[in-house]
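> I'd like to ask you about the structure that follows.
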Amino acid sequence: MFALSPGACYTARQSGGTPEGMEQPSHTSTGGWLARFSRPAQWLVLIAVSLLLAGMFEIAGLPAAFLLGPMLAGIFVGTNGSVIRLHRAPVVGGQVIVGCLMGHVLTADIVQSFARDWPLFLSVVLVIIVTSGLLGWMISRLKILPGTTAVWGVAPGAASAMMIMSASFGADMRLVALMQYLRVVCVAGLASIVARLWVGPVGAADHGLSWWFPAIPWTDFAVTLAIGATAGAIGILVRFPAGALFFPLFAVALLQGTGLVTIILPPWLLAAAYAALGWSVGLAFTRDIVRHAWRALPQILLSILILIAVSAVLAFILVEAAGIDPLTAYLATSPGGMDTVAIIGAASKVDLSFVMALQTVRFMIVLIVGPPLARFIAQRVG
């Protein structure tokens, strides 16, 4: 899963900025204290709370700080009487940038590692996908969450991709985002603890102004934006589900793999893209959906713990049967964000190509089997 963080130098049909699969929230006042403020004032509150939360998460070393912060700020503002909504353009732009990032991490080392150990990779990935499918079916069957929401919420793929794709297949994108990023936080915390057992504590990065706004080759940056914009536009025009995300992903992976282009994605651009996606989800929350999510929280946490436990068992099998070192095995099977795993792995003595190869293979398989699996479970649960 890609719970993306700007620390890496990394659609759905929509209406009025609200992702497909989510009902358009009412623009009438819900009686919250923000209803007394003008729209510009509400935007200022949203931006201020987003920066505060994102900064706190970044200092704490939490993953996807600049997505989680704006998303939680959007929930806070949206459930307290705000009527502001994000326009479609920045949301689609955020999807394009995330797609470019996903294509950027698909390197030749990952392909070579997969070619060397593909039977092992596919076996591990199959077990994790079957486990997540059963968990999604049980949550849907018990009517804890509506429709195919549970299927996408527990899917061990890229969090941002699952969130965006879910809206194209009838799921509630808000609850999917809640489930995906709650798992990201849980997995990242556990992965950090496990890493400390082998390599000691890894402090939070101290990012200065020069890190956020580095000197970049502007020609390569312009080419990157042109590739993303062109591929994203094609994806939307052909009405491909989450086309603004997947067409840039495949275009960047192909062109970068052939050595034709150098992809440049500076931290400030990634932070802006994550914020747009976070706001689009958070502002769609209502008090009713928050109450429903709170009631389902114990079951959601239980599904996360089960998936983490199954992944830990698989890691143990890799250690015993294949001679993989424990930290490499744990990070490779961990159902968390690929970037989060990469950051922890880069600061540890692990086989990073093995880790990222297994994570990438799982992500790609989930992209392929996710839609038919969601439809299959939806038919079985009515």
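Naming works like this for the structure tokens: A, B, ... for the chains as they're shown, residue 1 at the start of each chain, ligands 1 onward in shown order.
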Any chance you could list, as a PDB file with N, CA and C atoms, in the first residue's frame, the residues in range 207-249 of chain A that come up helix (DSSP H, G or I) when DSSP is run on the backbone?

```pdb
ATOM      1  N   LEU A 209      14.219  24.506   4.851  1.00  0.00           N
ATOM      2  CA  LEU A 209      13.605  25.132   3.685  1.00  0.00           C
ATOM      3  C   LEU A 209      14.253  24.643   2.396  1.00  0.00           C
ATOM      4  N   SER A 210      15.557  24.408   2.416  1.00  0.00           N
ATOM      5  CA  SER A 210      16.239  23.961   1.203  1.00  0.00           C
ATOM      6  C   SER A 210      15.823  22.547   0.810  1.00  0.00           C
ATOM      7  N   TRP A 211      15.394  21.746   1.788  1.00  0.00           N
ATOM      8  CA  TRP A 211      14.925  20.391   1.469  1.00  0.00           C
ATOM      9  C   TRP A 211      13.563  20.456   0.788  1.00  0.00           C
ATOM     10  N   TRP A 212      12.690  21.322   1.295  1.00  0.00           N
ATOM     11  CA  TRP A 212      11.353  21.436   0.712  1.00  0.00           C
ATOM     12  C   TRP A 212      11.395  22.075  -0.676  1.00  0.00           C
ATOM     13  N   TRP A 218      14.849  22.119 -14.209  1.00  0.00           N
ATOM     14  CA  TRP A 218      13.504  22.548 -14.575  1.00  0.00           C
ATOM     15  C   TRP A 218      13.006  21.923 -15.883  1.00  0.00           C
ATOM     16  N   THR A 219      13.914  21.575 -16.763  1.00  0.00           N
ATOM     17  CA  THR A 219      13.488  20.921 -18.007  1.00  0.00           C
ATOM     18  C   THR A 219      12.898  19.554 -17.710  1.00  0.00           C
ATOM     19  N   ASP A 220      13.598  18.768 -16.874  1.00  0.00           N
ATOM     20  CA  ASP A 220      13.087  17.445 -16.489  1.00  0.00           C
ATOM     21  C   ASP A 220      11.778  17.572 -15.714  1.00  0.00           C
ATOM     22  N   PHE A 221      11.691  18.607 -14.875  1.00  0.00           N
ATOM     23  CA  PHE A 221      10.469  18.815 -14.112  1.00  0.00           C
ATOM     24  C   PHE A 221       9.297  19.130 -15.038  1.00  0.00           C
ATOM     25  N   ALA A 222       9.537  19.971 -16.048  1.00  0.00           N
ATOM     26  CA  ALA A 222       8.484  20.305 -17.011  1.00  0.00           C
ATOM     27  C   ALA A 222       8.059  19.075 -17.802  1.00  0.00           C
ATOM     28  N   VAL A 223       9.024  18.232 -18.166  1.00  0.00           N
ATOM     29  CA  VAL A 223       8.699  16.998 -18.884  1.00  0.00           C
ATOM     30  C   VAL A 223       7.855  16.078 -18.001  1.00  0.00           C
ATOM     31  N   THR A 224       8.212  15.984 -16.725  1.00  0.00           N
ATOM     32  CA  THR A 224       7.436  15.160 -15.788  1.00  0.00           C
ATOM     33  C   THR A 224       5.989  15.627 -15.728  1.00  0.00           C
ATOM     34  N   LEU A 225       5.793  16.937 -15.582  1.00  0.00           N
ATOM     35  CA  LEU A 225       4.433  17.473 -15.514  1.00  0.00           C
ATOM     36  C   LEU A 225       3.684  17.238 -16.819  1.00  0.00           C
ATOM     37  N   ALA A 226       4.374  17.372 -17.946  1.00  0.00           N
ATOM     38  CA  ALA A 226       3.720  17.156 -19.244  1.00  0.00           C
ATOM     39  C   ALA A 226       3.282  15.704 -19.405  1.00  0.00           C
ATOM     40  N   ILE A 227       4.131  14.767 -18.991  1.00  0.00           N
ATOM     41  CA  ILE A 227       3.773  13.347 -19.073  1.00  0.00           C
ATOM     42  C   ILE A 227       2.558  13.056 -18.197  1.00  0.00           C
ATOM     43  N   GLY A 228       2.602  13.559 -16.959  1.00  0.00           N
ATOM     44  CA  GLY A 228       1.494  13.315 -16.046  1.00  0.00           C
ATOM     45  C   GLY A 228       0.193  13.918 -16.543  1.00  0.00           C
ATOM     46  N   ALA A 229       0.258  15.169 -17.016  1.00  0.00           N
ATOM     47  CA  ALA A 229      -0.958  15.842 -17.479  1.00  0.00           C
ATOM     48  C   ALA A 229      -1.539  15.154 -18.705  1.00  0.00           C
ATOM     49  N   THR A 230      -0.674  14.771 -19.649  1.00  0.00           N
ATOM     50  CA  THR A 230      -1.154  14.121 -20.871  1.00  0.00           C
ATOM     51  C   THR A 230      -1.767  12.759 -20.561  1.00  0.00           C
ATOM     52  N   ALA A 231      -1.040  11.949 -19.787  1.00  0.00           N
ATOM     53  CA  ALA A 231      -1.544  10.617 -19.452  1.00  0.00           C
ATOM     54  C   ALA A 231      -2.816  10.709 -18.614  1.00  0.00           C
ATOM     55  N   GLY A 232      -2.847  11.641 -17.668  1.00  0.00           N
ATOM     56  CA  GLY A 232      -4.044  11.803 -16.847  1.00  0.00           C
ATOM     57  C   GLY A 232      -5.254  12.214 -17.659  1.00  0.00           C
ATOM     58  N   ALA A 233      -5.049  13.138 -18.623  1.00  0.00           N
ATOM     59  CA  ALA A 233      -6.153  13.578 -19.482  1.00  0.00           C
ATOM     60  C   ALA A 233      -6.684  12.426 -20.321  1.00  0.00           C
ATOM     61  N   ILE A 234      -5.771  11.589 -20.837  1.00  0.00           N
ATOM     62  CA  ILE A 234      -6.210  10.426 -21.627  1.00  0.00           C
ATOM     63  C   ILE A 234      -7.015   9.470 -20.755  1.00  0.00           C
ATOM     64  N   GLY A 235      -6.531   9.240 -19.531  1.00  0.00           N
ATOM     65  CA  GLY A 235      -7.241   8.352 -18.619  1.00  0.00           C
ATOM     66  C   GLY A 235      -8.652   8.818 -18.318  1.00  0.00           C
ATOM     67  N   ILE A 236      -8.822  10.134 -18.203  1.00  0.00           N
ATOM     68  CA  ILE A 236     -10.156  10.685 -17.953  1.00  0.00           C
ATOM     69  C   ILE A 236     -11.031  10.599 -19.196  1.00  0.00           C
ATOM     70  N   LEU A 237     -10.450  10.916 -20.356  1.00  0.00           N
ATOM     71  CA  LEU A 237     -11.223  10.922 -21.610  1.00  0.00           C
ATOM     72  C   LEU A 237     -11.738   9.533 -21.971  1.00  0.00           C
ATOM     73  N   GLY A 243      -8.576   6.711 -13.899  1.00  0.00           N
ATOM     74  CA  GLY A 243      -7.651   6.902 -15.009  1.00  0.00           C
ATOM     75  C   GLY A 243      -6.631   7.990 -14.768  1.00  0.00           C
ATOM     76  N   ALA A 244      -6.983   9.025 -14.009  1.00  0.00           N
ATOM     77  CA  ALA A 244      -6.038  10.102 -13.711  1.00  0.00           C
ATOM     78  C   ALA A 244      -4.899   9.618 -12.837  1.00  0.00           C
ATOM     79  N   LEU A 245      -5.089   8.494 -12.181  1.00  0.00           N
ATOM     80  CA  LEU A 245      -4.040   7.908 -11.352  1.00  0.00           C
ATOM     81  C   LEU A 245      -3.227   6.884 -12.135  1.00  0.00           C
ATOM     82  N   PHE A 246      -3.909   5.957 -12.835  1.00  0.00           N
ATOM     83  CA  PHE A 246      -3.228   4.799 -13.413  1.00  0.00           C
ATOM     84  C   PHE A 246      -2.539   5.085 -14.742  1.00  0.00           C
ATOM     85  N   PHE A 247      -3.086   5.946 -15.563  1.00  0.00           N
ATOM     86  CA  PHE A 247      -2.416   6.235 -16.829  1.00  0.00           C
ATOM     87  C   PHE A 247      -1.070   6.933 -16.608  1.00  0.00           C
ATOM     88  N   PRO A 248      -0.956   7.930 -15.713  1.00  0.00           N
ATOM     89  CA  PRO A 248       0.373   8.470 -15.408  1.00  0.00           C
ATOM     90  C   PRO A 248       1.311   7.428 -14.797  1.00  0.00           C
ATOM     91  N   LEU A 249       0.758   6.521 -13.964  1.00  0.00           N
ATOM     92  CA  LEU A 249       1.579   5.477 -13.354  1.00  0.00           C
ATOM     93  C   LEU A 249       2.279   4.652 -14.433  1.00  0.00           C
TER      94      LEU A 249
END
```
> In Å, how far is it from CA of Ile324 in chain A to CA of Gly133 in chain A?
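According to the coordinates, CA of Ile324 in chain A and CA of Gly133 in chain A are separated by 26.8 Å.
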> Could you check how far CA of Met163 in chain A sits from CA of Gln180 in chain A, in Å to one decimal?
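Spanning CA of Met163 in chain A to CA of Gln180 in chain A is a straight-line distance of 7.7 Å.
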